[in-house]
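S.K.: Just work05.txt, nothing more (compact mmCIF, C-alpha atoms and all ligand atoms):
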```txt
# COMPACT_ATOMS: atom_id res chain seq x y z
CA MET A 1 -92.21 65.99 -107.17
CA LYS A 2 -89.77 68.59 -105.86
CA ASP A 3 -91.78 69.90 -102.99
CA LYS A 4 -91.90 67.17 -100.32
CA ARG A 5 -94.89 68.85 -98.68
CA LEU A 6 -96.93 68.52 -101.86
CA GLN A 7 -95.73 64.98 -102.40
CA LYS A 8 -97.01 64.00 -98.94
CA LEU A 9 -100.45 65.31 -99.81
CA GLY A 10 -100.54 63.01 -102.80
CA GLU A 11 -99.89 59.94 -100.65
CA LEU A 12 -102.35 60.18 -97.78
CA HIS A 13 -103.12 57.00 -95.85
CA ARG A 14 -105.08 56.10 -92.78
CA LYS A 15 -105.15 52.78 -90.99
CA HIS A 16 -108.76 51.75 -90.67
CA LYS A 17 -109.26 48.20 -91.91
CA ASP A 18 -109.80 45.35 -89.42
CA ILE A 19 -109.44 47.62 -86.43
CA ILE A 20 -111.65 47.53 -83.34
CA THR A 21 -112.86 51.12 -83.07
CA LEU A 22 -113.83 52.35 -79.63
CA MET A 23 -113.28 56.06 -80.16
CA PRO A 24 -116.59 57.72 -79.28
CA LEU A 25 -116.34 60.34 -82.00
CA GLN A 26 -116.05 57.64 -84.64
CA THR A 27 -118.08 54.55 -83.75
CA GLY A 28 -121.39 55.88 -85.08
CA GLY A 29 -119.90 57.39 -88.21
CA LEU A 30 -118.37 54.27 -89.74
CA LEU A 31 -119.61 53.94 -93.30
CA THR A 32 -121.79 51.17 -94.63
CA GLU A 33 -120.63 49.36 -97.75
CA ALA A 34 -123.35 51.16 -99.72
CA ALA A 35 -122.05 54.52 -98.53
CA ARG A 36 -118.48 53.57 -99.35
CA GLN A 37 -119.55 52.78 -102.93
CA ALA A 38 -121.61 55.95 -103.24
CA LEU A 39 -118.69 57.95 -101.86
CA ILE A 40 -116.64 57.10 -104.93
CA GLU A 41 -119.53 57.34 -107.39
CA PHE A 42 -120.46 60.83 -106.18
CA GLY A 43 -116.98 62.01 -105.20
CA ASP A 44 -116.78 64.78 -107.77
CA GLY A 45 -117.67 68.26 -106.63
CA TYR A 46 -121.33 69.33 -106.86
CA SER A 47 -122.17 65.77 -107.90
CA VAL A 48 -125.69 65.95 -106.49
CA CYS A 49 -126.53 69.02 -108.53
CA ASP A 50 -126.87 67.35 -111.96
CA PHE A 51 -130.64 67.74 -112.00
CA CYS A 52 -131.08 70.64 -109.58
CA SER A 53 -133.57 73.30 -110.52
CA GLY A 54 -132.68 75.73 -107.79
CA SER A 55 -133.45 74.04 -104.50
CA LEU A 56 -131.20 71.32 -103.06
CA CYS A 57 -133.90 69.66 -100.98
CA ASP A 58 -136.19 69.38 -104.02
CA ILE A 59 -133.79 67.41 -106.20
CA THR A 60 -135.46 64.17 -107.32
CA ASN A 61 -132.40 62.50 -108.89
CA PRO A 62 -130.73 61.44 -106.62
CA PRO A 63 -133.88 61.31 -104.45
CA VAL A 64 -133.02 64.15 -102.05
CA GLN A 65 -136.59 65.38 -102.00
CA GLU A 66 -138.00 62.07 -100.79
CA PHE A 67 -135.20 61.76 -98.25
CA VAL A 68 -135.54 65.25 -96.77
CA HIS A 69 -139.28 65.79 -97.05
CA GLU A 70 -140.57 62.27 -96.34
CA LEU A 71 -138.06 59.82 -94.88
CA LEU A 72 -136.31 62.20 -92.47
CA PRO A 73 -139.50 63.62 -90.90
CA GLU A 74 -140.82 60.06 -90.47
CA PHE A 75 -137.56 59.01 -88.84
CA LEU A 76 -137.32 62.01 -86.52
CA GLY A 77 -141.03 62.16 -85.70
CA CYS A 78 -141.20 65.78 -86.79
CA GLU A 79 -143.23 67.82 -89.26
CA VAL A 80 -140.42 69.53 -91.16
CA ALA A 81 -136.80 68.49 -91.66
CA THR A 82 -133.74 69.77 -93.43
CA ILE A 83 -130.06 68.94 -93.81
CA THR A 84 -127.12 70.93 -92.47
CA HIS A 85 -123.34 70.71 -92.32
CA GLY A 86 -123.51 69.28 -88.82
CA ALA A 87 -125.16 69.51 -85.43
CA ARG A 88 -123.44 72.80 -84.64
CA GLU A 89 -124.64 74.46 -87.84
CA ALA A 90 -128.18 73.31 -87.06
CA LYS A 91 -128.00 74.78 -83.55
CA PHE A 92 -126.60 78.03 -84.89
CA ALA A 93 -129.33 78.31 -87.53
CA ILE A 94 -132.03 77.89 -84.88
CA MET A 95 -130.47 80.32 -82.42
CA HIS A 96 -129.72 82.89 -85.09
CA SER A 97 -133.21 82.85 -86.53
CA LEU A 98 -135.14 82.88 -83.24
CA ALA A 99 -133.10 85.21 -81.08
CA LYS A 100 -131.46 88.58 -81.15
CA PRO A 101 -128.24 89.59 -79.36
CA GLY A 102 -128.74 89.91 -75.63
CA ASP A 103 -131.49 87.27 -75.46
CA SER A 104 -131.00 84.36 -73.06
CA ILE A 105 -130.77 80.61 -73.54
CA ILE A 106 -130.84 78.02 -70.76
CA VAL A 107 -128.71 74.91 -71.35
CA ASP A 108 -127.53 71.95 -69.28
CA SER A 109 -124.01 72.17 -67.88
CA ASN A 110 -123.06 68.97 -69.75
CA ARG A 111 -123.58 70.91 -73.00
CA HIS A 112 -121.16 70.51 -75.90
CA TYR A 113 -118.73 73.34 -76.58
CA THR A 114 -120.41 73.97 -79.95
CA THR A 115 -123.57 75.04 -78.09
CA ILE A 116 -121.61 77.74 -76.33
CA VAL A 117 -119.76 78.86 -79.48
CA ALA A 118 -122.99 78.99 -81.52
CA ALA A 119 -124.63 81.01 -78.75
CA GLU A 120 -121.70 83.40 -78.66
CA ARG A 121 -121.87 83.92 -82.42
CA VAL A 122 -125.50 84.95 -81.99
CA GLY A 123 -124.72 87.10 -78.94
CA LEU A 124 -126.81 85.07 -76.50
CA ASN A 125 -126.58 85.16 -72.75
CA VAL A 126 -126.06 81.54 -71.65
CA ILE A 127 -127.44 80.23 -68.36
CA GLU A 128 -126.43 76.75 -67.28
CA VAL A 129 -128.37 74.22 -65.24
CA PRO A 130 -125.80 72.56 -62.97
CA SER A 131 -125.29 68.79 -62.90
CA SER A 132 -125.16 66.64 -59.78
CA GLY A 133 -121.33 66.67 -60.09
CA TYR A 134 -118.87 63.85 -59.54
CA PRO A 135 -119.23 60.94 -60.16
CA GLU A 136 -122.59 60.76 -62.00
CA PHE A 137 -122.95 64.30 -63.40
CA THR A 138 -126.68 63.85 -63.96
CA ILE A 139 -128.98 66.68 -65.02
CA ASP A 140 -132.28 67.10 -63.18
CA VAL A 141 -134.45 68.76 -65.83
CA ASN A 142 -136.82 70.08 -63.15
CA GLU A 143 -134.13 72.62 -62.39
CA TYR A 144 -134.87 74.34 -65.70
CA GLU A 145 -138.23 75.54 -64.41
CA PRO A 146 -137.19 78.13 -61.79
CA LEU A 147 -134.53 79.42 -64.20
CA ILE A 148 -137.13 79.79 -66.98
CA GLU A 149 -139.32 81.79 -64.60
CA LYS A 150 -136.41 83.95 -63.52
CA TYR A 151 -134.71 84.67 -66.86
CA HIS A 152 -137.52 84.36 -69.46
CA PRO A 153 -135.13 82.77 -72.00
CA ARG A 154 -135.79 82.93 -75.73
CA MET A 155 -135.16 79.17 -75.88
CA ILE A 156 -133.82 76.21 -73.92
CA LEU A 157 -131.50 73.40 -74.98
CA LEU A 158 -130.86 69.92 -73.62
CA THR A 159 -127.93 67.68 -74.58
CA TYR A 160 -129.25 64.17 -75.15
CA PRO A 161 -127.00 62.46 -74.30
CA ASP A 162 -124.01 64.64 -73.52
CA GLY A 163 -120.68 63.85 -75.15
CA ASN A 164 -118.70 63.57 -71.95
CA TYR A 165 -120.56 61.03 -69.81
CA GLY A 166 -123.24 59.67 -72.14
CA ASN A 167 -125.99 60.57 -69.68
CA ILE A 168 -129.55 60.51 -70.94
CA PRO A 169 -131.62 63.17 -69.17
CA ASP A 170 -135.42 63.17 -69.04
CA ALA A 171 -136.20 64.98 -72.30
CA ARG A 172 -139.89 64.04 -72.13
CA ARG A 173 -140.29 65.81 -68.79
CA LEU A 174 -138.46 68.90 -70.05
CA GLY A 175 -140.75 68.84 -73.10
CA ASP A 176 -143.72 69.24 -70.73
CA ILE A 177 -142.01 72.08 -68.87
CA ALA A 178 -141.16 73.85 -72.13
CA GLN A 179 -144.74 73.58 -73.37
CA GLU A 180 -146.19 74.85 -70.08
CA HIS A 181 -143.94 77.89 -70.30
CA ASP A 182 -144.25 78.23 -74.07
CA VAL A 183 -140.50 78.35 -74.57
CA PRO A 184 -138.91 76.77 -77.68
CA PHE A 185 -136.96 73.63 -76.79
CA ILE A 186 -133.92 72.37 -78.76
CA LEU A 187 -132.83 68.78 -78.27
CA ASN A 188 -129.19 68.24 -79.16
CA GLY A 189 -129.19 64.62 -80.27
CA ALA A 190 -125.72 64.50 -81.87
CA TYR A 191 -125.01 61.27 -79.96
CA ALA A 192 -128.59 59.97 -80.22
CA VAL A 193 -130.12 60.43 -83.69
CA GLY A 194 -129.03 57.42 -85.76
CA ARG A 195 -128.03 55.33 -82.74
CA MET A 196 -131.21 55.13 -80.69
CA PRO A 197 -134.87 55.89 -81.39
CA VAL A 198 -135.56 59.63 -81.07
CA ASN A 199 -139.07 60.84 -81.79
CA MET A 200 -139.48 64.60 -81.59
CA ASN A 201 -143.22 64.47 -81.27
CA GLU A 202 -143.21 61.97 -78.42
CA LEU A 203 -140.64 64.01 -76.52
CA GLY A 204 -142.51 67.29 -76.97
CA VAL A 205 -139.55 69.25 -78.30
CA ASP A 206 -139.57 71.99 -80.93
CA PHE A 207 -136.28 71.13 -82.60
CA VAL A 208 -134.12 68.05 -82.82
CA VAL A 209 -130.55 68.19 -84.04
CA GLY A 210 -128.48 65.24 -85.26
CA SER A 211 -124.96 64.71 -86.57
CA GLY A 212 -124.43 62.56 -89.66
CA HIS A 213 -120.72 61.91 -89.17
CA LYS A 214 -121.19 61.32 -85.42
CA SER A 215 -124.14 58.97 -85.42
CA MET A 216 -125.56 58.31 -88.89
CA ALA A 217 -122.84 56.27 -90.62
CA SER A 218 -121.84 59.19 -92.86
CA ALA A 219 -118.62 60.72 -94.12
CA GLY A 220 -119.89 64.17 -93.33
CA PRO A 221 -119.62 66.83 -92.37
CA CYS A 222 -123.39 66.65 -92.32
CA GLY A 223 -126.28 66.93 -89.95
CA VAL A 224 -130.03 66.81 -89.75
CA LEU A 225 -132.53 69.23 -88.26
CA GLY A 226 -136.13 68.43 -87.45
CA MET A 227 -138.68 70.99 -86.31
CA LYS A 228 -142.32 71.72 -85.73
CA LYS A 229 -144.19 73.22 -88.67
CA ARG A 230 -144.60 76.52 -86.81
CA TRP A 231 -140.84 77.14 -87.04
CA GLU A 232 -140.49 76.52 -90.76
CA GLU A 233 -141.26 80.12 -91.64
CA VAL A 234 -138.70 81.34 -89.12
CA VAL A 235 -135.73 79.00 -89.49
CA LEU A 236 -136.19 78.10 -93.15
CA ARG A 237 -137.32 81.53 -94.35
CA LYS A 238 -136.30 82.33 -97.92
CA ALA A 239 -134.06 85.10 -99.12
CA GLU A 240 -135.78 88.27 -100.33
CA ALA A 241 -133.94 88.12 -103.63
CA TYR A 242 -134.19 84.35 -104.14
CA SER A 243 -137.47 82.70 -103.31
CA ASN A 244 -135.98 79.18 -103.29
CA LYS A 245 -132.89 79.86 -101.15
CA GLU A 246 -132.99 79.64 -97.35
CA VAL A 247 -131.16 82.51 -95.67
CA GLU A 248 -129.94 80.58 -92.63
CA LEU A 249 -128.54 77.81 -94.84
CA LEU A 250 -126.94 80.29 -97.26
CA GLY A 251 -128.98 78.78 -100.06
CA CYS A 252 -127.71 75.22 -100.21
CA THR A 253 -125.94 73.11 -97.59
CA LEU A 254 -124.71 69.63 -98.53
CA ARG A 255 -123.55 69.98 -102.10
CA GLY A 256 -122.11 66.54 -102.72
CA VAL A 257 -120.58 63.55 -101.04
CA PRO A 258 -121.61 64.21 -97.40
CA LEU A 259 -125.26 64.09 -98.40
CA ILE A 260 -124.81 61.01 -100.55
CA THR A 261 -123.23 58.97 -97.76
CA LEU A 262 -125.96 60.13 -95.37
CA MET A 263 -128.61 58.92 -97.82
CA ALA A 264 -126.83 55.69 -98.76
CA SER A 265 -126.48 54.62 -95.13
CA PHE A 266 -129.96 55.73 -94.13
CA PRO A 267 -131.79 52.40 -94.70
CA TYR A 268 -129.24 50.74 -92.42
CA VAL A 269 -129.49 53.50 -89.83
CA VAL A 270 -133.30 53.29 -89.77
CA GLU A 271 -132.96 49.58 -89.02
CA ARG A 272 -130.17 49.79 -86.48
CA VAL A 273 -131.98 52.08 -84.06
CA ASN A 274 -134.39 49.18 -83.46
CA HIS A 275 -131.53 47.30 -81.83
CA TRP A 276 -130.77 49.98 -79.27
CA ASP A 277 -131.67 47.77 -76.30
CA GLU A 278 -128.92 45.35 -77.32
CA GLN A 279 -126.47 48.23 -77.58
CA VAL A 280 -127.29 49.36 -74.05
CA LEU A 281 -126.89 45.85 -72.62
CA LYS A 282 -123.54 45.50 -74.38
CA ALA A 283 -122.32 48.81 -72.94
CA GLN A 284 -123.45 47.84 -69.44
CA TRP A 285 -121.73 44.50 -69.70
CA PHE A 286 -118.49 46.12 -70.87
CA SER A 287 -118.59 48.74 -68.13
CA ASN A 288 -119.11 46.03 -65.56
CA GLU A 289 -116.15 44.02 -66.87
CA LEU A 290 -113.82 47.04 -66.76
CA GLU A 291 -114.96 47.90 -63.26
CA LYS A 292 -113.92 44.38 -62.20
CA LEU A 293 -110.41 45.37 -63.33
CA GLY A 294 -110.48 48.45 -61.12
CA PHE A 295 -111.72 51.07 -63.60
CA LYS A 296 -114.41 53.43 -62.36
CA GLN A 297 -117.23 54.36 -64.71
CA LEU A 298 -118.41 57.95 -64.37
CA GLY A 299 -121.87 59.10 -65.41
CA GLU A 300 -125.19 57.34 -64.88
CA LYS A 301 -125.28 53.81 -63.53
CA PRO A 302 -126.56 51.53 -64.82
CA HIS A 303 -125.57 53.27 -68.02
CA LYS A 304 -128.09 53.91 -70.80
CA HIS A 305 -125.76 54.74 -73.70
CA ASP A 306 -122.71 53.30 -75.48
CA LEU A 307 -120.53 56.31 -74.60
CA LEU A 308 -118.66 55.43 -71.41
CA HIS A 309 -116.26 57.54 -69.38
CA PHE A 310 -113.77 55.74 -67.15
CA GLU A 311 -111.29 56.73 -64.53
CA ALA A 312 -108.33 54.36 -64.44
CA PRO A 313 -105.89 55.56 -61.80
CA MET A 314 -103.67 52.49 -62.22
CA LEU A 315 -103.17 53.22 -65.93
CA TYR A 316 -102.33 56.79 -65.09
CA GLU A 317 -99.87 55.62 -62.47
CA ILE A 318 -98.14 53.41 -65.04
CA SER A 319 -97.94 56.29 -67.52
CA GLN A 320 -95.98 58.28 -64.94
CA ARG A 321 -93.15 55.75 -64.77
CA VAL A 322 -92.78 54.33 -68.32
CA ARG A 323 -90.73 55.80 -71.14
CA GLU A 324 -93.71 56.30 -73.47
CA ARG A 325 -95.52 58.24 -70.74
CA GLY A 326 -99.13 58.88 -71.69
CA TYR A 327 -98.71 57.10 -75.02
CA PHE A 328 -98.01 53.67 -73.57
CA LEU A 329 -101.68 52.66 -73.51
CA TYR A 330 -102.23 53.84 -77.06
CA LYS A 331 -99.23 51.77 -78.19
CA GLU A 332 -100.26 48.66 -76.28
CA LEU A 333 -103.78 48.83 -77.69
CA ASP A 334 -102.56 49.68 -81.17
CA ASP A 335 -100.38 46.54 -81.13
CA ARG A 336 -103.58 44.57 -80.53
CA GLY A 337 -105.57 46.32 -83.26
CA ILE A 338 -107.62 48.40 -80.86
CA TRP A 339 -108.25 52.08 -81.50
CA GLY A 340 -109.77 53.70 -78.49
CA PRO A 341 -108.68 56.23 -75.92
CA GLN A 342 -107.26 59.47 -77.28
CA PRO A 343 -103.45 59.01 -77.57
CA GLY A 344 -101.70 60.67 -74.61
CA LEU A 345 -103.66 59.24 -71.73
CA ALA A 346 -105.05 61.43 -68.98
CA ARG A 347 -106.57 60.37 -65.66
CA SER A 348 -109.80 59.46 -67.36
CA PHE A 349 -110.87 58.58 -70.88
CA LYS A 350 -113.92 57.81 -72.96
CA LEU A 351 -114.80 54.70 -74.96
CA SER A 352 -117.79 53.74 -77.06
CA THR A 353 -118.99 50.16 -77.45
CA PHE A 354 -121.30 50.97 -80.37
CA ALA A 355 -119.28 49.56 -83.28
CA ALA A 356 -117.70 46.55 -81.58
CA SER A 357 -119.24 43.10 -81.22
CA LYS A 358 -119.47 41.36 -77.87
CA GLU A 359 -116.58 39.09 -78.96
CA GLN A 360 -114.43 42.09 -79.84
CA LEU A 361 -115.27 43.71 -76.52
CA SER A 362 -114.25 40.52 -74.70
CA PHE A 363 -110.93 40.78 -76.49
CA VAL A 364 -110.63 44.41 -75.37
CA VAL A 365 -111.30 43.43 -71.75
CA ASP A 366 -108.68 40.67 -71.96
CA SER A 367 -106.25 43.15 -73.50
CA PHE A 368 -106.68 45.61 -70.62
CA LYS A 369 -106.19 42.70 -68.24
CA SER A 370 -102.90 41.66 -69.82
CA ILE A 371 -101.65 45.27 -70.11
CA LEU A 372 -102.29 45.78 -66.40
CA SER A 373 -100.48 42.60 -65.42
CA LYS A 374 -97.60 43.35 -67.77
CA TYR A 375 -96.84 46.61 -65.96
CA SER A 376 -97.75 45.58 -62.41
C1 LIG B 401 -120.14 65.76 -81.57
C2 LIG B 401 -121.12 66.64 -80.90
C3 LIG B 401 -121.55 67.84 -81.48
C4 LIG B 401 -120.97 68.36 -82.76
O1 LIG B 401 -121.49 67.71 -83.87
P1 LIG B 401 -121.13 68.24 -85.33
O2 LIG B 401 -122.10 67.52 -86.20
O3 LIG B 401 -119.72 67.88 -85.61
O4 LIG B 401 -121.34 69.71 -85.32
C5 LIG B 401 -122.52 68.56 -80.85
N1 LIG B 401 -123.05 68.16 -79.69
C6 LIG B 401 -122.67 67.03 -79.08
C7 LIG B 401 -123.29 66.62 -77.80
C8 LIG B 401 -121.68 66.24 -79.66
O5 LIG B 401 -121.28 65.13 -79.03
```
Translate this structure into structure tokens?
M.R.:
Amino acid sequence: MKDKRLQKLGELHRKHKDIITLMPLQTGGLLTEAARQALIEFGDGYSVCDFCSGSLCDITNPPVQEFVHELLPEFLGCEVATITHGAREAKFAIMHSLAKPGDSIIVDSNRHYTTIVAAERVGLNVIEVPSSGYPEFTIDVNEYEPLIEKYHPRMILLTYPDGNYGNIPDARRLGDIAQEHDVPFILNGAYAVGRMPVNMNELGVDFVVGSGHKSMASAGPCGVLGMKKRWEEVVLRKAEAYSNKEVELLGCTLRGVPLITLMASFPYVVERVNHWDEQVLKAQWFSNELEKLGFKQLGEKPHKHDLLHFEAPMLYEISQRVRERGYFLYKELDDRGIWGPQPGLARSFKLSTFAASKEQLSFVVDSFKSILSKYS
């Protein structure tokens, strides 16, 4: 091929086999073997539409209808569910259908940037509930109440857990507050749904949002959205001209492989949330081991999620005096088959213990130990 740029596109590779993955964005999105098979089987464009008669979520072959209308609501503990391109698209669809420009939304200050961008696209006025600040950055949900009384928001949102510290705020309590004040409550569970049990009904929320590629072992981009029945007519309203096409979803969302991997991994995901207690213990153990080496874990302690944020001043100090600068840690870990902190180390970094076994995590701890002594 003459054009080198085109040639490169025909030879794409990515190292992923036999690697210990600790990158928080990726640990919950690793595919199951079933999903990997289905990925190839359904790789062609519009592959799920063979037997569609106008409504994606009503397709029976493959069994999208059963998945969306039965299995997902059971899993999320909600009355109505649908599929989206991701957590952000789900949040935008809710905001856009409930609010008008100039309305207010109250969110926690640990919110994901996509919450802010979605709100901006709708024209919402965003009010943030502050966190406790360094080092735990916890959110006291009771602080929503005076702000609800002051601003009369159209809706409230809680990040559960947040993507920076992995803190799990008291969603149940905020569910009570939201119901008392009759304000719609969105739970952003991008890092929860598919990792840990999340039951919308038990938490008293109106909407729950999940991310398939973040936490449901899917290729994505894909997401899930659960809601109370009363919001179906609002968020999933149909187009005037097409009685089977939802306006907020532009008719059909996941038109192929993202949906298939989400469905193929679902049996495994349903099972794995039952082992959440073990995941939490593993994360706590790992955090404890790294703290023995002089790392400092930020966020809640003891921690209740696999997403961990560490400060490691001694690693930062090393990066200031070695040739590779911020990349030295990435290289050292890469040599040992560990994929973790974002290349180009800063003062602090995030790791997730979700995909690694205890044995692999022991190896990671030993690796940090030997890297530290190598450069001391
Ligand atoms: C990753 C993440 C998102 C974005 O999820 P997408 O499915 O990619 O839109 C939203 N919120 C939080 C808290 C996240 O961690």
S.K.: Tell me which of A:Ser367, A:Lys374, A:Thr353, A:Gln320 sits closest to A:Thr21, counting all atoms listed in the file.
M.R.: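 Using all atoms listed in the file, A:Thr21 sits closest to A:Thr353.
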S.K.: If you take only C-alpha atoms and all ligand atoms and a cut-off of 8 Å, which residues of chain A touch ligand LIG 401 (chain B), and what are their nearest atom pairs and distances in Å to one decimal, in chain and number order, as a Markdown table?
M.R.:
```
| residue | atom | partner | partner_atom | distance |
| --- | --- | --- | --- | --- |
| A:Leu25 | CA | B:LIG401 | C1 | 6.6 |
| A:His85 | CA | B:LIG401 | O2 | 7.0 |
| A:Gly86 | CA | B:LIG401 | O2 | 3.5 |
| A:Ala87 | CA | B:LIG401 | O2 | 3.7 |
| A:Arg88 | CA | B:LIG401 | O4 | 3.8 |
| A:Glu89 | CA | B:LIG401 | O4 | 6.3 |
| A:Ala90 | CA | B:LIG401 | O4 | 7.9 |
| A:Arg111 | CA | B:LIG401 | C7 | 6.4 |
| A:His112 | CA | B:LIG401 | C7 | 4.8 |
| A:Tyr113 | CA | B:LIG401 | N1 | 7.4 |
| A:Thr114 | CA | B:LIG401 | C5 | 5.9 |
| A:Thr115 | CA | B:LIG401 | N1 | 7.1 |
| A:Thr159 | CA | B:LIG401 | C7 | 5.7 |
| A:Tyr160 | CA | B:LIG401 | C7 | 7.0 |
| A:Pro161 | CA | B:LIG401 | C7 | 6.6 |
| A:Asp162 | CA | B:LIG401 | C7 | 4.8 |
| A:Gly163 | CA | B:LIG401 | O5 | 4.1 |
| A:Asn164 | CA | B:LIG401 | O5 | 7.7 |
| A:Asn188 | CA | B:LIG401 | N1 | 6.2 |
| A:Gly189 | CA | B:LIG401 | C7 | 6.7 |
| A:Ala190 | CA | B:LIG401 | C6 | 4.8 |
| A:Tyr191 | CA | B:LIG401 | O5 | 5.4 |
| A:Gly210 | CA | B:LIG401 | O2 | 6.8 |
| A:Ser211 | CA | B:LIG401 | O2 | 4.0 |
| A:Gly212 | CA | B:LIG401 | O2 | 6.5 |
| A:His213 | CA | B:LIG401 | O2 | 6.5 |
| A:Lys214 | CA | B:LIG401 | C1 | 6.0 |
| A:Pro221 | CA | B:LIG401 | O2 | 6.7 |
| A:Cys222 | CA | B:LIG401 | O2 | 6.3 |
| A:Gly223 | CA | B:LIG401 | O2 | 5.6 |
```
S.K.: Report, in Å to a single decimal, how far apart atom CA of A:Leu174 and atom CA of A:Gln297 are.
M.R.: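 Separation of atom CA of A:Gln297 and atom CA of A:Leu174: 26.3 Å.
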S.K.: Can you pull out every residue within 10 Å of stretch 262-272 of chain A, counting only C-alpha atoms, but drop anything in the same chain fewer than 2 positions away, and send it as a PyMOL selection string?
M.R.: chain A and resi 28-39+62-64+67-68+71-72+75+83+193-197+211-213+215-224+257-260+274-276+279
S.K.: Kindly indicate which residue among A:Ala346, A:Val364, A:Val198, A:Leu236 lies nearest to A:Ser287, using only C-alpha atoms for the distances.
M.R.: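 Under the stated criterion, the closest residue is A:Val364.
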S.K.: How many Å lie between atom CA of A:Thr60 and atom CA of A:Lys91, rounded to one decimal?
M.R.: 27.1 Å
S.K.: Would you mind listing what lies within 9 Å of A:Ser109 as a ChimeraX atom specification, with all atoms listed in the file counted and same-chain residues fewer than 4 positions away left out?
M.R.: /A:127-131,139,159
S.K.: Identify which of the residues A:Gly326, A:Pro135, A:Gly256, A:Gly10 lies closest to A:Asn167, counting all atoms listed in the file when measuring atom-to-atom distances.
M.R.: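 Going through A:Gly326, A:Pro135, A:Gly256, A:Gly10 one by one, the smallest distance to A:Asn167 is for A:Pro135.
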S.K.: Considering only C-alpha atoms, state which residue in the set A:Gly294, A:Pro153, A:Pro343, A:Pro24 is at the smallest distance from A:Asp182.
M.R.: A:Pro153
S.K.: Determine the nearest neighbour of A:Phe42 from the options A:Ser362, A:Thr84, A:Thr261, A:Ser370, counting all atoms listed in the file.
M.R.: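 Nearest candidate to A:Phe42 out of A:Ser362, A:Thr84, A:Thr261, A:Ser370: A:Thr261.
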S.K.: Quick one, how far is atom CA of A:Met95 from atom CA of A:Glu120?
M.R.: 10.0 Å
